[in-house]
There are 2 protein chains.
Amino acid sequence: MIRPERIPSTEPTGPTHERVFRALRTRIMHGEITPGQAMTIRGIADEFDVSMTPAREAVRRLTAEGALSMSSTGRVTAPLLSTERIEELASIRALLEPELAARAQPRAHLALIERLQNINTTIEQTIVKNDAVGYIRANLEFHRTLYLRAQAPAMLAMVETVWLQMGPTMSALYARLQRPNAAGNHRTAIAALRVGDEPGLKLAIRADVTQGLRMLSA
Amino acid sequence: MIRPERIPSTEPTGPTHERVFRALRTRIMHGEITPGQAMTIRGIADEFDVSMTPAREAVRRLTAEGALSMSSTGRVTAPLLSTERIEELASIRALLEPELAARAQPRAHLALIERLQNINTTIEQTIVKNDAVGYIRANLEFHRTLYLRAQAPAMLAMVETVWLQMGPTMSALYARLQRPNAAGNHRTAIAALRVGDEPGLKLAIRADVTQGLRMLSA
DNA sequence: CATGCGCTTTTGTGATCACAGACCGGTGCC
DNA sequence: GGCACCGGTCTGTGATCACAAAAGCGCATG
């Protein structure tokens, strides 16, 4: 194996295939990939300046998570989801995320709530600026920040997989959505978090998750 | 690449890495792997008479699903789950599977119910024979057969991932469990299915999923 | 002008190899 | 006798290559 230069840099660390994997994964989750967009393993390898092997493994992991879909001939594309599939994924979110929120609630201290409020401010700014990618990223950060307190890594991983699968479609959906009221739902969630109102919290999260679905039929 | 013999056999079809992947996956899901058991990529490759490449990809996909865990140095083992992790996975099942059952219920016709009853008979036999692997396999087949009618592939895939993660631990758990009453829960589920009692069906499934958890603390 | 058809290029797949680091002995030292 | 060190071996990682099949494409034909 040829290692032309040994860079002791402060890069993310980890094997090459993981670096490629993480880069592609966040790209997909943030909606920076157009649904139906075709990708080639060699193209990915060239882009990251690695050989085919790690690129292939990254693609495999992503297809295993449903983030990418692979035709029978092996062509790799970002999946474009049918309406039923999106409804299904939203249902999963609606089932799991309130539970995660409820589990996080007793452990949520003041610093966390303030962080959530800050993130929500960022979300409002992205809405004003019509910044789709920034909105998706901040919105996910809000949810992840809350759910991390739930101490339920498997459940969080599962929800993240759903986010990942919806990623490419979400940005396409954002285009036809002028003013998402996620910030409002988040505010009521934060308020419920403050007073320890678990049913209210679960309802707010469920509403937040379900809300994006309504624009599908519209 | 050397293809020593072109076998036009009726084998499962598909690329080599997928064949290896499926074989390992069902092996793990059926609890035929001891938790903590170490595996090597070269060992897998030798066992299936393939090179390292497809073996590696199969392992990657499985680790991506949480079916295998990989240490920082790259050693591959079947994960041994903490009690909290098992509780968490069971919670996911308890959230998703009743929903799947409810979605399957309006589409469940008589032939399906009879198939479920047949599978349940098999389950009872495996209990009598103390056949752990057979029990797990039949039990999963019962649930999968029902959920396939839900027409919710993403949700089913998610639940299967959970089954996969619990696989190695399940068989170890079965050892200390004399007579699982899954068959009883399944019977009430079937009865609820017959009369179209959705709340009863969801409760029966939830009970069936949660039941296995009680023996953890015992 | 549309539509097959054959060729060229591209692409995924799997095997093989070189290398670095981890693992696991034994062996010598304290 | 216990423990640290050191060697060989094993194992994961990544690059490279050969091959088959699919995809793109131009050309000739109806």
# chains A, B, ... in the order shown; residues from 1 in each chain; ligands from 1
>>> residues_around(residues="Glu84 in chain A", least_positions_apart="2", cutoff="12 Å", atoms="only C-alpha atoms (C1' of nucleotides)", output="list of chain:residue names")
A:Leu80, A:Leu81, A:Ser82, A:Ile86, A:Glu87, A:Glu88, A:Leu89, A:Ala90, A:Ser91, A:Leu213, A:Leu216, A:Ser217, B:Gln151, B:Ala152, B:Pro153, B:Ala154, B:Met155
>>> residues_around(residues="range 93-100 of chain B", least_positions_apart="2", cutoff="8 Å", atoms="only C-alpha atoms (C1' of nucleotides)", output="list of chain:residue names")
A:Ile92, A:Leu95, A:Leu96, B:Leu89, B:Ala90, B:Ser91, B:Ala102, B:Arg103, B:Ala104, B:Tyr147, B:Ala150, B:Ala152, B:Met155, B:Leu156, B:Val159, B:Val162, B:Leu201, B:Lys202, B:Leu203, B:Ile205, B:Arg206, B:Val209, B:Thr210
>>> closest_atom_pairs(of="chain D", to="chain B", cutoff="8 Å", atoms="only C-alpha atoms (C1' of nucleotides)", output="CSV")
residue,atom,partner,partner_atom,distance
D:DT11,C1',B:Thr40,CA,7.4
D:DG12,C1',B:Gly74,CA,6.1
D:DA18,C1',B:Met1,CA,5.4
D:DC19,C1',B:Met1,CA,6.1
>>> interface_residues(of="chain B", to="chain C", cutoff="9 Å", atoms="only C-alpha atoms (C1' of nucleotides)", output="number ranges by chain")
B: 1-2, 15-16, 50-54, 73
>>> write_last_selection(atoms="N, CA, C and O atoms", output="short mmCIF file (atom, residue, chain, number, x, y, z; two decimals), in the first residue's frame")
data_model
loop_
_atom_site.label_atom_id
_atom_site.label_comp_id
_atom_site.auth_asym_id
_atom_site.auth_seq_id
_atom_site.Cartn_x
_atom_site.Cartn_y
_atom_site.Cartn_z
N MET B 1 -9.77 -11.72 -12.23
CA MET B 1 -10.56 -12.45 -11.25
C MET B 1 -10.75 -13.88 -11.73
O MET B 1 -11.01 -14.14 -12.89
N ILE B 2 -10.59 -14.80 -10.84
CA ILE B 2 -10.68 -16.20 -11.22
C ILE B 2 -12.05 -16.77 -10.88
O ILE B 2 -12.46 -16.81 -9.74
N PRO B 15 -24.80 -11.27 -5.94
CA PRO B 15 -23.34 -11.17 -5.81
C PRO B 15 -22.85 -11.95 -4.60
O PRO B 15 -23.61 -12.26 -3.68
N THR B 16 -21.56 -12.22 -4.61
CA THR B 16 -20.97 -13.00 -3.53
C THR B 16 -21.13 -12.30 -2.18
O THR B 16 -21.51 -12.92 -1.19
N VAL B 50 -14.47 -17.58 -0.29
CA VAL B 50 -14.39 -16.37 -1.11
C VAL B 50 -13.16 -15.59 -0.64
O VAL B 50 -12.50 -15.97 0.33
N SER B 51 -12.89 -14.51 -1.33
CA SER B 51 -11.73 -13.72 -0.93
C SER B 51 -12.13 -12.76 0.19
O SER B 51 -13.27 -12.71 0.62
N MET B 52 -11.19 -11.98 0.64
CA MET B 52 -11.47 -11.09 1.76
C MET B 52 -12.46 -10.00 1.39
O MET B 52 -13.23 -9.54 2.23
N THR B 53 -12.44 -9.57 0.16
CA THR B 53 -13.24 -8.41 -0.22
C THR B 53 -14.73 -8.58 0.08
O THR B 53 -15.30 -7.77 0.81
N PRO B 54 -15.39 -9.60 -0.45
CA PRO B 54 -16.81 -9.71 -0.13
C PRO B 54 -17.06 -9.98 1.35
O PRO B 54 -18.06 -9.51 1.91
N THR B 73 -9.59 -1.42 17.31
CA THR B 73 -8.50 -2.00 16.55
C THR B 73 -9.00 -2.81 15.36
O THR B 73 -8.19 -3.34 14.62
#
>>> residues_around(residues="range 126-132 of chain A", least_positions_apart="2", cutoff="7 Å", atoms="only C-alpha atoms (C1' of nucleotides)", output="list in words")
Thr122, Ile123, Glu124, Gly134, Tyr135, Ile136, Ser171, Tyr174 and Arg179 of chain A
>>> closest_residue(among="B:Leu140, B:Val133, B:Ala67, B:Leu62", to="chain A", atoms="only C-alpha atoms")
B:Leu62
>>> select_by_dssp(residues="range 26-124 of chain A", states="helix (DSSP H, G or I)", output="MDAnalysis selection string")
chainID A and resid 26:29 41:47 52:64 83:107 110:124
>>> atom_distance(atom1="CA of Ala78 in chain B", atom2="CA of Arg19 in chain B")
19.2 Å
>>> select_by_dssp(residues="chain A", states="strand (DSSP E or B)", output="ChimeraX atom specification")
/A:38-39,69-70,76-77
>>> write_last_selection(atoms="all heavy atoms", output="short mmCIF file (atom, residue, chain, number, x, y, z; two decimals), in the first residue's frame")
data_model
loop_
_atom_site.label_atom_id
_atom_site.label_comp_id
_atom_site.auth_asym_id
_atom_site.auth_seq_id
_atom_site.Cartn_x
_atom_site.Cartn_y
_atom_site.Cartn_z
N ALA A 38 -27.39 10.16 -9.30
CA ALA A 38 -26.57 8.96 -9.42
C ALA A 38 -25.16 9.25 -8.96
O ALA A 38 -24.62 10.35 -9.16
CB ALA A 38 -26.55 8.49 -10.87
N MET A 39 -24.56 8.27 -8.29
CA MET A 39 -23.17 8.41 -7.86
C MET A 39 -22.43 7.14 -8.29
O MET A 39 -23.01 6.07 -8.34
CB MET A 39 -23.10 8.57 -6.35
CG MET A 39 -24.19 9.45 -5.78
SD MET A 39 -24.12 9.57 -3.99
CE MET A 39 -22.55 10.38 -3.79
N SER A 69 -29.64 3.94 -2.32
CA SER A 69 -30.28 2.74 -2.85
C SER A 69 -29.46 2.24 -4.04
O SER A 69 -28.79 3.02 -4.72
CB SER A 69 -31.71 3.03 -3.26
OG SER A 69 -31.77 3.45 -4.60
N MET A 70 -29.52 0.97 -4.23
CA MET A 70 -28.68 0.35 -5.24
C MET A 70 -29.57 -0.46 -6.18
O MET A 70 -30.34 -1.30 -5.74
CB MET A 70 -27.69 -0.57 -4.55
CG MET A 70 -26.29 -0.40 -5.09
SD MET A 70 -25.12 -1.03 -3.92
CE MET A 70 -23.72 -1.18 -5.01
N VAL A 76 -25.61 3.21 -7.99
CA VAL A 76 -25.91 3.80 -6.69
C VAL A 76 -26.57 5.15 -6.88
O VAL A 76 -26.04 6.01 -7.58
CB VAL A 76 -24.62 3.96 -5.86
CG1 VAL A 76 -24.94 4.58 -4.51
CG2 VAL A 76 -23.93 2.63 -5.69
N THR A 77 -27.71 5.34 -6.27
CA THR A 77 -28.39 6.63 -6.33
C THR A 77 -28.94 6.99 -4.96
O THR A 77 -29.17 6.11 -4.13
CB THR A 77 -29.56 6.59 -7.32
OG1 THR A 77 -30.52 5.63 -6.84
CG2 THR A 77 -29.12 6.19 -8.71
#
